[in-house]
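> Dropping in structure-v1.cif, with mmCIF, C-alpha atoms.
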data_start
loop_
_atom_site.label_atom_id
_atom_site.label_comp_id
_atom_site.auth_asym_id
_atom_site.auth_seq_id
_atom_site.Cartn_x
_atom_site.Cartn_y
_atom_site.Cartn_z
CA MET A 1 91.61 95.58 118.83
CA ILE A 2 94.20 95.93 121.56
CA ASP A 3 96.33 93.00 122.66
CA ARG A 4 94.39 91.30 125.46
CA ARG A 5 97.68 90.52 127.20
CA LEU A 6 98.02 94.21 128.01
CA LEU A 7 95.15 93.88 130.49
CA ARG A 8 96.99 91.04 132.24
CA GLU A 9 100.60 92.16 132.04
CA ALA A 10 100.42 95.97 131.96
CA PHE A 11 97.01 96.85 133.35
CA GLU A 12 97.93 100.15 135.04
CA GLU A 13 99.78 101.50 132.02
CA THR A 14 96.96 100.44 129.70
CA ALA A 15 94.31 101.95 131.97
CA ALA A 16 96.21 105.24 132.14
CA ALA A 17 96.61 105.38 128.35
CA LEU A 18 92.95 104.59 127.64
CA ALA A 19 91.78 107.00 130.33
CA ARG A 20 93.07 109.74 128.03
CA ARG A 21 90.54 108.47 125.50
CA GLY A 22 87.71 108.50 128.01
CA VAL A 23 87.67 104.77 128.80
CA ASP A 24 86.59 104.20 132.40
CA ARG A 25 88.81 102.01 134.55
CA THR A 26 85.79 99.95 135.66
CA GLU A 27 85.20 98.91 132.04
CA LEU A 28 88.77 97.64 131.79
CA VAL A 29 88.32 95.73 135.05
CA ARG A 30 85.20 94.16 133.56
CA VAL A 31 87.07 93.16 130.38
CA GLN A 32 89.93 91.84 132.49
CA GLY A 33 87.39 89.68 134.36
CA LEU A 34 86.04 88.32 131.07
CA ASP A 35 89.57 87.38 130.06
CA GLU A 36 90.17 85.65 133.40
CA ARG A 37 86.92 83.69 133.05
CA ARG A 38 87.88 82.62 129.55
CA ARG A 39 91.31 81.44 130.66
CA GLU A 40 89.81 79.53 133.61
CA LEU A 41 87.50 77.69 131.24
CA ILE A 42 90.35 76.93 128.86
CA ALA A 43 92.47 75.58 131.72
CA ARG A 44 89.59 73.43 132.98
CA GLY A 45 88.96 72.16 129.46
CA ASP A 46 92.61 71.20 129.03
CA GLU A 47 92.51 69.46 132.40
CA LEU A 48 89.40 67.48 131.46
CA ARG A 49 90.84 66.47 128.08
CA ALA A 50 93.97 65.22 129.82
CA GLN A 51 91.80 63.24 132.26
CA GLN A 52 89.77 61.86 129.37
CA LYS A 53 92.92 60.69 127.61
CA GLU A 54 94.32 59.11 130.75
CA LEU A 55 91.04 57.36 131.58
CA SER A 56 90.88 55.99 128.05
CA ARG A 57 94.35 54.55 128.53
CA GLN A 58 93.39 53.09 131.91
CA VAL A 59 90.20 51.48 130.55
CA GLY A 60 92.20 49.73 127.89
CA ALA A 61 94.71 48.36 130.40
CA ALA A 62 92.39 47.66 133.35
CA PRO A 63 91.19 44.19 134.38
CA PRO A 64 87.50 43.48 133.58
CA ASP A 65 86.25 44.09 137.12
CA GLU A 66 87.73 47.63 137.20
CA LYS A 67 86.59 48.75 133.77
CA PRO A 68 82.97 49.70 134.62
CA ALA A 69 84.03 52.22 137.25
CA LEU A 70 86.62 53.75 134.93
CA ILE A 71 84.07 53.93 132.12
CA GLU A 72 81.63 55.75 134.40
CA ARG A 73 84.32 58.22 135.41
CA SER A 74 85.17 58.73 131.72
CA LYS A 75 81.50 59.40 130.94
CA ALA A 76 81.31 61.97 133.74
CA VAL A 77 84.40 63.75 132.39
CA SER A 78 82.96 63.71 128.86
CA ALA A 79 79.67 65.12 130.12
CA GLU A 80 81.40 67.96 131.93
CA LEU A 81 83.53 68.67 128.87
CA LYS A 82 80.44 68.75 126.67
CA GLU A 83 78.91 71.39 128.95
CA LEU A 84 82.17 73.31 129.21
CA GLU A 85 82.88 73.79 125.49
CA PRO A 86 79.83 76.02 124.77
CA ALA A 87 80.59 78.03 127.90
CA GLN A 88 84.16 78.48 126.68
CA ALA A 89 82.94 79.63 123.24
CA GLU A 90 80.52 82.07 124.90
CA ALA A 91 83.27 83.46 127.12
CA GLU A 92 85.49 83.96 124.08
CA ALA A 93 82.69 85.75 122.22
CA ARG A 94 81.88 88.02 125.19
CA LEU A 95 85.55 88.95 125.53
CA ASP A 96 85.88 89.69 121.81
CA GLU A 97 82.75 91.87 121.89
CA ALA A 98 84.12 93.86 124.83
CA LEU A 99 87.57 94.24 123.28
CA ALA A 100 86.03 95.40 119.99
CA LEU A 101 84.57 98.43 121.77
CA LEU A 102 87.90 99.56 123.25
CA PRO A 103 89.86 102.09 121.17
CA ASN A 104 93.54 101.84 120.33
CA LEU A 105 96.11 103.07 122.83
CA PRO A 106 97.16 106.62 121.91
CA HIS A 107 100.76 107.41 121.12
CA PRO A 108 102.38 109.14 124.13
CA ASP A 109 103.04 112.28 122.07
CA VAL A 110 99.41 112.77 121.01
CA PRO A 111 98.19 116.08 122.46
CA ASP A 112 95.43 116.19 125.06
CA GLY A 113 92.08 117.66 124.11
CA VAL A 114 88.65 116.72 122.85
CA ASP A 115 88.19 118.18 119.36
CA GLU A 116 89.78 120.01 116.42
CA ARG A 117 90.19 123.18 118.47
CA ASP A 118 92.78 121.36 120.59
CA ALA A 119 94.89 120.22 117.62
CA VAL A 120 98.55 121.28 117.79
CA GLU A 121 100.02 122.95 114.72
CA LEU A 122 103.28 121.34 113.61
CA ASP A 123 104.17 123.10 110.36
CA ARG A 124 102.94 125.28 107.51
CA PHE A 125 103.62 125.24 103.79
CA GLY A 126 102.90 127.43 100.77
CA THR A 127 101.96 131.09 100.63
CA LEU A 128 98.70 132.55 101.87
CA PRO A 129 96.88 133.76 98.74
CA GLU A 130 96.18 137.47 98.33
CA PHE A 131 93.64 138.99 95.96
CA ALA A 132 93.12 142.46 94.51
CA PHE A 133 89.38 141.64 94.49
CA LYS A 134 86.91 140.03 96.85
CA PRO A 135 87.42 136.28 96.46
CA LYS A 136 84.45 134.05 95.74
CA ASP A 137 83.71 130.68 97.29
CA HIS A 138 83.69 127.51 95.20
CA VAL A 139 79.91 127.52 94.76
CA GLU A 140 79.83 130.98 93.21
CA LEU A 141 82.87 130.17 91.09
CA GLY A 142 81.52 126.81 89.97
CA GLU A 143 78.08 128.13 89.09
CA GLY A 144 79.59 131.09 87.25
CA LEU A 145 81.71 128.75 85.15
CA ALA A 146 78.84 126.25 84.72
CA VAL A 147 81.02 123.45 86.12
CA LEU A 148 79.07 122.84 89.36
CA ASP A 149 75.35 122.23 89.74
CA VAL A 150 74.02 121.63 93.23
CA PRO A 151 70.28 122.46 92.68
CA ARG A 152 69.87 119.78 90.02
CA ALA A 153 71.73 117.26 92.19
CA ALA A 154 69.31 118.03 95.02
CA LYS A 155 66.41 117.46 92.64
CA VAL A 156 67.80 114.08 91.62
CA SER A 157 69.40 112.79 94.84
CA GLY A 158 68.56 115.12 97.72
CA SER A 159 70.86 117.26 99.83
CA ARG A 160 74.65 116.90 99.97
CA PHE A 161 75.16 115.87 96.35
CA ALA A 162 76.59 117.77 93.38
CA TYR A 163 77.03 117.49 89.63
CA LEU A 164 80.48 118.29 88.25
CA LEU A 165 80.65 119.31 84.62
CA GLY A 166 83.13 120.31 81.94
CA GLY A 167 86.36 121.81 83.19
CA ALA A 168 85.78 120.68 86.79
CA VAL A 169 85.63 117.07 85.60
CA LEU A 170 88.89 117.47 83.67
CA LEU A 171 90.47 119.09 86.71
CA GLN A 172 89.38 116.21 88.97
CA LEU A 173 90.60 113.57 86.51
CA GLY A 174 93.90 115.44 86.29
CA LEU A 175 94.19 115.37 90.08
CA ILE A 176 93.85 111.59 90.06
CA ARG A 177 96.69 111.10 87.60
CA TYR A 178 98.83 113.73 89.33
CA ALA A 179 98.47 112.00 92.71
CA VAL A 180 98.82 108.46 91.34
CA ASP A 181 101.96 109.34 89.38
CA ILE A 182 103.57 110.69 92.55
CA LEU A 183 102.53 107.61 94.53
CA THR A 184 103.72 105.06 91.98
CA ALA A 185 107.11 106.77 91.98
CA GLU A 186 107.08 106.32 95.77
CA GLY A 187 106.47 102.58 95.50
CA PHE A 188 102.68 102.43 95.86
CA THR A 189 100.71 99.97 93.75
CA PRO A 190 97.59 101.60 92.25
CA VAL A 191 94.37 99.75 93.09
CA ILE A 192 90.74 100.21 92.12
CA PRO A 193 89.04 98.25 94.92
CA PRO A 194 85.42 97.23 95.42
CA VAL A 195 83.45 99.83 97.34
CA LEU A 196 80.82 97.36 98.54
CA THR A 197 82.21 95.13 101.29
CA ARG A 198 81.02 92.60 103.79
CA ARG A 199 80.76 93.33 107.48
CA ASP A 200 84.08 91.60 108.28
CA ALA A 201 86.03 94.23 106.35
CA LEU A 202 84.36 97.11 108.19
CA PHE A 203 84.71 95.39 111.54
CA GLY A 204 88.35 94.64 110.81
CA THR A 205 89.11 98.30 110.14
CA ALA A 206 87.05 99.39 113.22
CA PHE A 207 84.36 101.23 111.27
CA LEU A 208 81.97 98.77 112.90
CA PRO A 209 80.44 98.42 115.38
CA THR A 210 81.00 101.96 116.70
CA GLY A 211 80.72 103.86 113.40
CA ALA A 212 77.55 102.28 112.06
CA GLU A 213 75.64 105.58 111.95
CA GLN A 214 77.94 106.86 109.18
CA ILE A 215 77.69 103.83 106.90
CA TYR A 216 75.22 103.07 104.12
CA GLU A 217 74.01 99.49 104.51
CA ILE A 218 72.35 97.26 101.93
CA PRO A 219 70.68 94.65 104.19
CA LYS A 220 69.19 92.59 101.35
CA ASP A 221 72.69 91.74 100.10
CA ASP A 222 74.50 91.90 103.44
CA LEU A 223 76.85 94.54 102.02
CA TYR A 224 77.98 98.03 102.99
CA LEU A 225 79.16 101.04 100.98
CA VAL A 226 82.57 102.10 102.26
CA GLY A 227 83.42 105.61 103.39
CA THR A 228 87.06 105.18 102.33
CA SER A 229 89.08 102.70 100.30
CA GLU A 230 91.06 102.14 103.50
CA VAL A 231 88.48 99.43 104.21
CA PRO A 232 88.97 97.20 101.14
CA LEU A 233 92.71 97.94 101.03
CA ALA A 234 93.18 96.81 104.64
CA ALA A 235 90.98 93.74 104.12
CA PHE A 236 92.88 92.83 100.93
CA HIS A 237 95.31 90.84 103.11
CA MET A 238 92.83 89.68 105.75
CA ASP A 239 93.71 86.23 107.17
CA GLU A 240 97.13 86.31 105.51
CA ILE A 241 100.73 86.05 106.73
CA PHE A 242 103.35 88.25 105.08
CA ASP A 243 106.95 87.25 104.71
CA GLY A 244 108.74 89.88 106.80
CA ASP A 245 111.06 90.67 103.88
CA ASP A 246 108.06 91.69 101.76
CA LEU A 247 107.18 94.58 104.08
CA PRO A 248 106.34 97.37 103.70
CA MET A 249 103.49 96.81 101.25
CA ARG A 250 102.02 100.05 99.92
CA TYR A 251 98.81 100.57 97.97
CA ALA A 252 97.13 103.60 96.39
CA GLY A 253 93.37 103.12 96.25
CA ILE A 254 91.26 105.11 93.78
CA SER A 255 87.59 104.97 94.65
CA THR A 256 84.26 106.62 95.16
CA CYS A 257 83.34 106.84 98.85
CA PHE A 258 80.05 107.20 100.69
CA ARG A 259 79.21 108.72 104.07
CA ARG A 260 75.85 109.36 105.68
CA GLU A 261 77.25 112.44 107.49
CA ALA A 262 75.08 111.66 110.49
CA GLY A 263 75.35 114.31 113.18
CA THR A 264 76.30 117.13 110.79
CA TYR A 265 72.86 118.61 110.24
CA GLY A 266 73.20 122.25 109.25
CA LYS A 267 77.00 122.05 108.91
CA ASP A 268 78.73 122.76 105.57
CA THR A 269 75.48 122.52 103.67
CA GLN A 270 76.60 124.71 100.76
CA GLY A 271 78.37 123.26 97.77
CA MET A 272 80.42 120.08 97.86
CA PHE A 273 82.62 120.32 100.94
CA ARG A 274 80.60 117.82 103.00
CA VAL A 275 78.71 115.48 100.68
CA HIS A 276 77.42 111.91 100.80
CA GLN A 277 79.36 110.77 97.71
CA PHE A 278 82.94 111.76 96.96
CA ASP A 279 86.13 110.45 95.38
CA LYS A 280 89.56 109.94 96.89
CA VAL A 281 93.01 108.61 96.23
CA GLU A 282 94.00 106.82 99.43
CA MET A 283 97.38 105.57 100.63
CA PHE A 284 97.57 102.38 102.67
CA ALA A 285 100.63 100.62 104.08
CA PHE A 286 101.41 97.39 105.91
CA THR A 287 104.68 97.57 107.87
CA ARG A 288 106.71 95.86 110.54
CA PRO A 289 105.98 97.36 113.98
CA GLU A 290 109.40 98.98 114.28
CA ASP A 291 108.88 100.84 110.98
CA SER A 292 105.38 102.27 111.42
CA GLU A 293 106.31 105.61 112.99
CA ASP A 294 108.73 106.37 110.16
CA GLU A 295 106.08 105.29 107.66
CA HIS A 296 103.61 107.67 109.29
CA GLU A 297 105.98 110.59 108.80
CA ARG A 298 106.53 109.46 105.21
CA LEU A 299 102.80 109.52 104.47
CA ARG A 300 102.54 112.98 105.96
CA ALA A 301 105.45 114.22 103.82
CA ILE A 302 103.88 112.83 100.64
CA GLN A 303 100.58 114.55 101.45
CA GLN A 304 102.34 117.86 101.95
CA ARG A 305 104.29 117.42 98.71
CA ILE A 306 101.10 116.75 96.74
CA LEU A 307 99.30 119.82 98.08
CA ALA A 308 102.29 122.15 97.96
CA GLY A 309 102.87 121.10 94.34
CA LEU A 310 99.40 122.45 93.55
CA GLY A 311 100.31 125.89 94.87
CA LEU A 312 98.12 125.56 97.97
CA HIS A 313 98.77 127.00 101.41
CA GLY A 314 98.08 124.93 104.49
CA ARG A 315 99.16 123.67 107.85
CA ILE A 316 99.81 120.28 109.46
CA VAL A 317 98.18 119.58 112.82
CA ASP A 318 98.58 116.82 115.39
CA ILE A 319 95.04 115.65 116.25
CA PRO A 320 94.18 115.53 119.99
CA VAL A 321 93.45 112.27 121.73
CA GLY A 322 89.73 112.96 122.04
CA ASP A 323 89.32 113.38 118.28
CA LEU A 324 91.12 110.22 117.14
CA GLY A 325 89.18 107.49 115.39
CA ALA A 326 88.91 104.21 117.29
CA ALA A 327 91.73 102.56 115.33
CA ALA A 328 94.26 105.41 115.29
CA ALA A 329 97.11 105.68 117.75
CA ARG A 330 98.10 108.98 116.18
CA LYS A 331 96.70 111.12 113.38
CA TYR A 332 97.92 114.12 111.44
CA ASP A 333 95.57 116.35 109.46
CA ILE A 334 96.52 118.78 106.75
CA GLU A 335 94.24 121.78 106.68
CA VAL A 336 94.31 124.03 103.61
CA TRP A 337 93.33 127.69 103.56
CA LEU A 338 90.03 128.26 101.75
CA PRO A 339 89.63 131.92 100.79
CA GLY A 340 85.89 131.47 100.30
CA GLN A 341 85.53 130.40 103.95
CA ASP A 342 88.38 132.59 105.27
CA ASP A 343 89.55 129.59 107.28
CA TYR A 344 91.69 126.45 107.31
CA ARG A 345 89.72 123.28 106.56
CA GLU A 346 90.77 119.64 106.62
CA LEU A 347 91.78 118.15 103.27
CA THR A 348 93.77 115.09 104.28
CA SER A 349 94.55 112.93 107.28
CA ALA A 350 97.19 110.28 107.97
CA SER A 351 96.79 107.71 110.74
CA ASN A 352 99.06 105.14 112.32
CA CYS A 353 96.76 102.35 113.53
CA THR A 354 99.66 100.25 114.90
CA ASP A 355 98.50 96.62 115.34
CA TYR A 356 94.88 97.47 116.16
CA GLN A 357 93.34 96.76 112.75
CA ALA A 358 95.70 93.88 112.04
CA ARG A 359 94.48 91.96 115.10
CA ARG A 360 90.88 92.31 113.94
CA LEU A 361 91.81 91.39 110.36
CA ARG A 362 94.09 88.54 111.49
CA CYS A 363 96.85 89.98 109.31
CA ARG A 364 100.34 88.95 110.42
CA TYR A 365 103.94 88.68 109.27
CA ARG A 366 106.66 86.13 109.87
CA THR A 367 109.43 87.50 112.05
CA ALA A 368 113.15 86.79 111.67
CA ALA A 369 112.81 84.29 114.51
CA GLY A 370 110.16 82.38 112.57
CA ASP A 371 107.23 83.42 114.76
CA THR A 372 104.21 85.38 113.57
CA ALA A 373 103.05 88.76 114.85
CA PRO A 374 100.49 91.37 113.79
CA VAL A 375 101.64 93.87 111.20
CA HIS A 376 101.10 97.58 111.65
CA THR A 377 98.69 99.37 109.31
CA LEU A 378 98.66 103.00 108.24
CA ASN A 379 96.40 105.06 106.02
CA GLY A 380 96.54 108.53 104.56
CA THR A 381 94.54 110.58 102.09
CA ALA A 382 96.70 111.26 99.06
CA CYS A 383 94.03 113.43 97.47
CA ALA A 384 90.47 114.13 98.62
CA LEU A 385 89.36 115.07 95.13
CA GLY A 386 86.27 117.15 95.85
CA ARG A 387 87.83 119.17 98.65
CA THR A 388 91.06 119.63 96.71
CA LEU A 389 89.02 120.86 93.77
CA ILE A 390 87.41 123.42 96.10
CA ALA A 391 90.85 124.55 97.29
CA LEU A 392 92.18 124.82 93.72
CA MET A 393 89.22 126.87 92.53
CA GLU A 394 89.34 129.26 95.48
CA HIS A 395 93.16 129.57 95.61
CA HIS A 396 93.67 130.07 91.88
CA GLN A 397 90.59 132.13 91.02
CA GLN A 398 91.07 135.12 88.76
CA ALA A 399 89.38 138.53 88.74
CA ASP A 400 87.30 137.56 85.69
CA GLY A 401 85.85 134.50 87.50
CA SER A 402 88.05 131.97 85.71
CA VAL A 403 90.39 129.54 87.49
CA ALA A 404 94.06 129.15 86.65
CA VAL A 405 95.22 125.53 86.41
CA PRO A 406 98.39 124.91 88.42
CA GLU A 407 101.40 124.08 86.29
CA ALA A 408 101.62 120.61 87.83
CA LEU A 409 98.16 119.78 86.40
CA GLN A 410 98.29 121.48 83.02
CA THR A 411 99.56 118.45 81.10
CA TYR A 412 96.85 116.28 82.64
CA VAL A 413 94.04 118.82 82.19
CA GLY A 414 95.13 120.02 78.74
CA SER A 415 94.73 123.72 79.47
CA GLU A 416 96.07 126.57 81.61
CA ARG A 417 92.69 127.90 82.67
CA ILE A 418 89.14 126.81 83.42
CA GLY A 419 86.66 129.32 82.02
#
Will you turn the file into structure tokens for me?

Amino acid sequence: MIDRRLLREAFEETAAALARRGVDRTELVRVQGLDERRRELIARGDELRAQQKELSRQVGAAPPDEKPALIERSKAVSAELKELEPAQAEAEARLDEALALLPNLPHPDVPDGVDERDAVELDRFGTLPEFAFKPKDHVELGEGLAVLDVPRAAKVSGSRFAYLLGGAVLLQLGLIRYAVDILTAEGFTPVIPPVLTRRDALFGTAFLPTGAEQIYEIPKDDLYLVGTSEVPLAAFHMDEIFDGDDLPMRYAGISTCFRREAGTYGKDTQGMFRVHQFDKVEMFAFTRPEDSEDEHERLRAIQQRILAGLGLHGRIVDIPVGDLGAAAARKYDIEVWLPGQDDYRELTSASNCTDYQARRLRCRYRTAAGDTAPVHTLNGTACALGRTLIALMEHHQQADGSVAVPEALQTYVGSERIG
């Protein structure tokens, strides 16, 4: 969540920044009022505790005839304090609830706009593929090679699921090792995290309360299936204090992910582009505040290197303020050209969440001055395996319906061609 001090010390600047994200000024005034009420109760509580301490001292030193009056005054103070403490706890809870619904402040350079159509292109990489034949989409290719089966997945699990078989499995496993090898060389520690987490982890990463419609919940066990390993990686250091010299800390999470895809009825229903279950290799970093912008650019560069090394063509876009997730101050997407769709589609994203998640996760570092402050957190998709598999199949398809394996993957896959 945002630093509550911003509403006291820089209200106008904060209101202007959040107005870009659609937050009404009256809501910020309301939250500011909750903060003022909380501080008034804290001040009154401190005052009463000081009175209580002083009265206790006076009772001990007073002559017998003065003690009853002092004791009565002490009882009155204690009674007021007893009533005040629940009110103070309630005020704190109401403020936290209101702050939890406010998004992060956007970076000043984030473009205006409301959705992906307003994204600003920053760069391109690779060569647009050309074919001497009409290219197929990944469904036709996969079915022709008997490496993708959507009808049987629908029979077993319903819509938005797929079976991968044979060469597609080897290709996906090769992608994992390819991405992880690059990341370990860049200082990331590979992690296989749990994909069932408690509510605190999802709240801490800001996937709750506002993103509940996308999450699979298991109420009987009070657990949730995560939509990205960003959640358990961020919560890995929840309630901890880093030594400043240990930062940055970088992790590469390898996990299956789950999304309900609420609100996407009728969109990307063919194949495995938008499915309920998918696998990813995810980058996550904890940094000092002054280093997070450089780290963001570093994540973006690694993503581009991974995709360019696979012979893919794509572009990097700066996501507009209206399309940022609640936690992100800035987000880059990499969209890769899919010949089967004749369009650029998102494969990866990289977000700088500044101190927003860290405040919710109570994750701090010790500064050079000996104080503690929230770290900054960043996340980026190293490889969205299913979507990258789609891009590889469509980019590297051959006239005979087979798929050439990029040189970077051949050692991992054990062949030069699928089919």
> For the PyMOL selection byres ((chain A and resi 226) around 10), applied here, can you spell out every residue it catches as an MDAnalysis selection string?
chainID A and resid 194:198 201:202 207 214:217 223:225 227:232 255:259
> Would you list the contacts of Gln341 in chain A as a PDB file with C-alpha atoms, in the frame of the given file, taking every protein, DNA or RNA residue within 10 Å and counting all atoms listed in the file, but skipping same-chain residues closer than 5 positions in sequence?

ATOM      1  CA  PRO A 135      87.420 136.280  96.460  1.00  0.00           C
ATOM      2  CA  LYS A 136      84.450 134.050  95.740  1.00  0.00           C
ATOM      3  CA  ASP A 137      83.710 130.680  97.290  1.00  0.00           C
ATOM      4  CA  HIS A 138      83.690 127.510  95.200  1.00  0.00           C
ATOM      5  CA  GLU A 394      89.340 129.260  95.480  1.00  0.00           C
TER       6      GLU A 394
END
> What is the distance, in Å and to one decimal place, between CA of Tyr412 in chain A and CA of Gln172 in chain A?
9.8 Å
> With all atoms listed in the file as the atoms that count, which of A:Ile316, A:Ala350, A:Leu95, A:Val59 lies nearest to Arg4 in chain A?
A:Leu95
> Need to verify the contact set: Glu240 in chain A, 8 Å, all atoms listed in the file, exclusion of same-chain residues closer than 4 positions in sequence. Can you return it as a ChimeraX atom specification?
/A:362-364
> Output C-alpha atoms for every residue in that selection, as a short mmCIF file (atom, residue, chain, number, x, y, z; two decimals), in the coordinates of the input.

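This is the output file again14.cif:
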data_model
loop_
_atom_site.label_atom_id
_atom_site.label_comp_id
_atom_site.auth_asym_id
_atom_site.auth_seq_id
_atom_site.Cartn_x
_atom_site.Cartn_y
_atom_site.Cartn_z
CA ARG A 362 94.09 88.54 111.49
CA CYS A 363 96.85 89.98 109.31
CA ARG A 364 100.34 88.95 110.42
#
> Applied to this file, what does the PyMOL selection byres ((chain A and resi 107) around 9) return in terms of residues, put as a list in words?
Ala17, Leu105, Pro106, Pro108, Asp109, Val110, Val321, Ala328, Ala329 and Arg330 of chain A
> Identify all residues satisfying the PyMOL selection byres ((chain A and resi 140) around 12) in the given file; provide them as a ChimeraX atom specification.
/A:135-139,141-150,270-272,340,390,393-394,397,401-402
> With C-alpha atoms retained, export the selected residues as a PDB file, keeping the file's coordinate frame.

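Okay, part07.pdb is ready:
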ATOM      1  CA  PRO A 135      87.420 136.280  96.460  1.00  0.00           C
ATOM      2  CA  LYS A 136      84.450 134.050  95.740  1.00  0.00           C
ATOM      3  CA  ASP A 137      83.710 130.680  97.290  1.00  0.00           C
ATOM      4  CA  HIS A 138      83.690 127.510  95.200  1.00  0.00           C
ATOM      5  CA  VAL A 139      79.910 127.520  94.760  1.00  0.00           C
ATOM      6  CA  LEU A 141      82.870 130.170  91.090  1.00  0.00           C
ATOM      7  CA  GLY A 142      81.520 126.810  89.970  1.00  0.00           C
ATOM      8  CA  GLU A 143      78.080 128.130  89.090  1.00  0.00           C
ATOM      9  CA  GLY A 144      79.590 131.090  87.250  1.00  0.00           C
ATOM     10  CA  LEU A 145      81.710 128.750  85.150  1.00  0.00           C
ATOM     11  CA  ALA A 146      78.840 126.250  84.720  1.00  0.00           C
ATOM     12  CA  VAL A 147      81.020 123.450  86.120  1.00  0.00           C
ATOM     13  CA  LEU A 148      79.070 122.840  89.360  1.00  0.00           C
ATOM     14  CA  ASP A 149      75.350 122.230  89.740  1.00  0.00           C
ATOM     15  CA  VAL A 150      74.020 121.630  93.230  1.00  0.00           C
ATOM     16  CA  GLN A 270      76.600 124.710 100.760  1.00  0.00           C
ATOM     17  CA  GLY A 271      78.370 123.260  97.770  1.00  0.00           C
ATOM     18  CA  MET A 272      80.420 120.080  97.860  1.00  0.00           C
ATOM     19  CA  GLY A 340      85.890 131.470 100.300  1.00  0.00           C
ATOM     20  CA  ILE A 390      87.410 123.420  96.100  1.00  0.00           C
ATOM     21  CA  MET A 393      89.220 126.870  92.530  1.00  0.00           C
ATOM     22  CA  GLU A 394      89.340 129.260  95.480  1.00  0.00           C
ATOM     23  CA  GLN A 397      90.590 132.130  91.020  1.00  0.00           C
ATOM     24  CA  GLY A 401      85.850 134.500  87.500  1.00  0.00           C
ATOM     25  CA  SER A 402      88.050 131.970  85.710  1.00  0.00           C
TER      26      SER A 402
END
> Using all atoms listed in the file for the distances, tell me which of A:Leu409, A:Ala162, A:Met249, A:Ala98 is nearest to Asp291 in chain A.
A:Met249
> Residues proximal to (103.0, 127.2, 98.8) were defined as those with any atom within 8 Å of that point in the file's coordinates, counting all atoms listed in the file. Which are they, as a PyMOL selection string?
chain A and resi 125-128+308-314
> Within 6 Å of (89.6, 117.0, 122.1) in the file's own coordinates, which protein, DNA or RNA residues have an atom, counting only C-alpha atoms? List them as a list in words.
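It turns out the residues near that spot are Gly113, Val114, Asp115, Asp118, Pro320, Gly322 and Asp323 of chain A.
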> Emit as JSON the padded axis-aligned box for all listed atoms of range 360-377 of chain A, 5 Å per side, with centre and edge lengths in Å to one decimal.

{"center_x": 102.0, "center_y": 90.9, "center_z": 112.1, "size_x": 32.3, "size_y": 27.0, "size_z": 15.6}
> Quick one: everything within 10 Å of Ile334 in chain A, counting all atoms listed in the file, minus sequence neighbours fewer than 4 positions away in the same chain. Send it as a PyMOL selection string.
chain A and resi 121-124+300+303-304+307+314-318+344-350+381
> Record the distance separating CA of Val375 in chain A and CA of Pro289 in chain A, expressed in Å with one decimal.
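Going from CA of Val375 in chain A over to CA of Pro289 in chain A, I get 6.2 Å.
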> Quick one: of A:Gln32, A:Asn379, A:Ser159, A:Ser292, who's nearest to Tyr265 in chain A, counting all atoms listed in the file?
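Using all atoms listed in the file, the shortest distance to Tyr265 in chain A belongs to A:Ser159.
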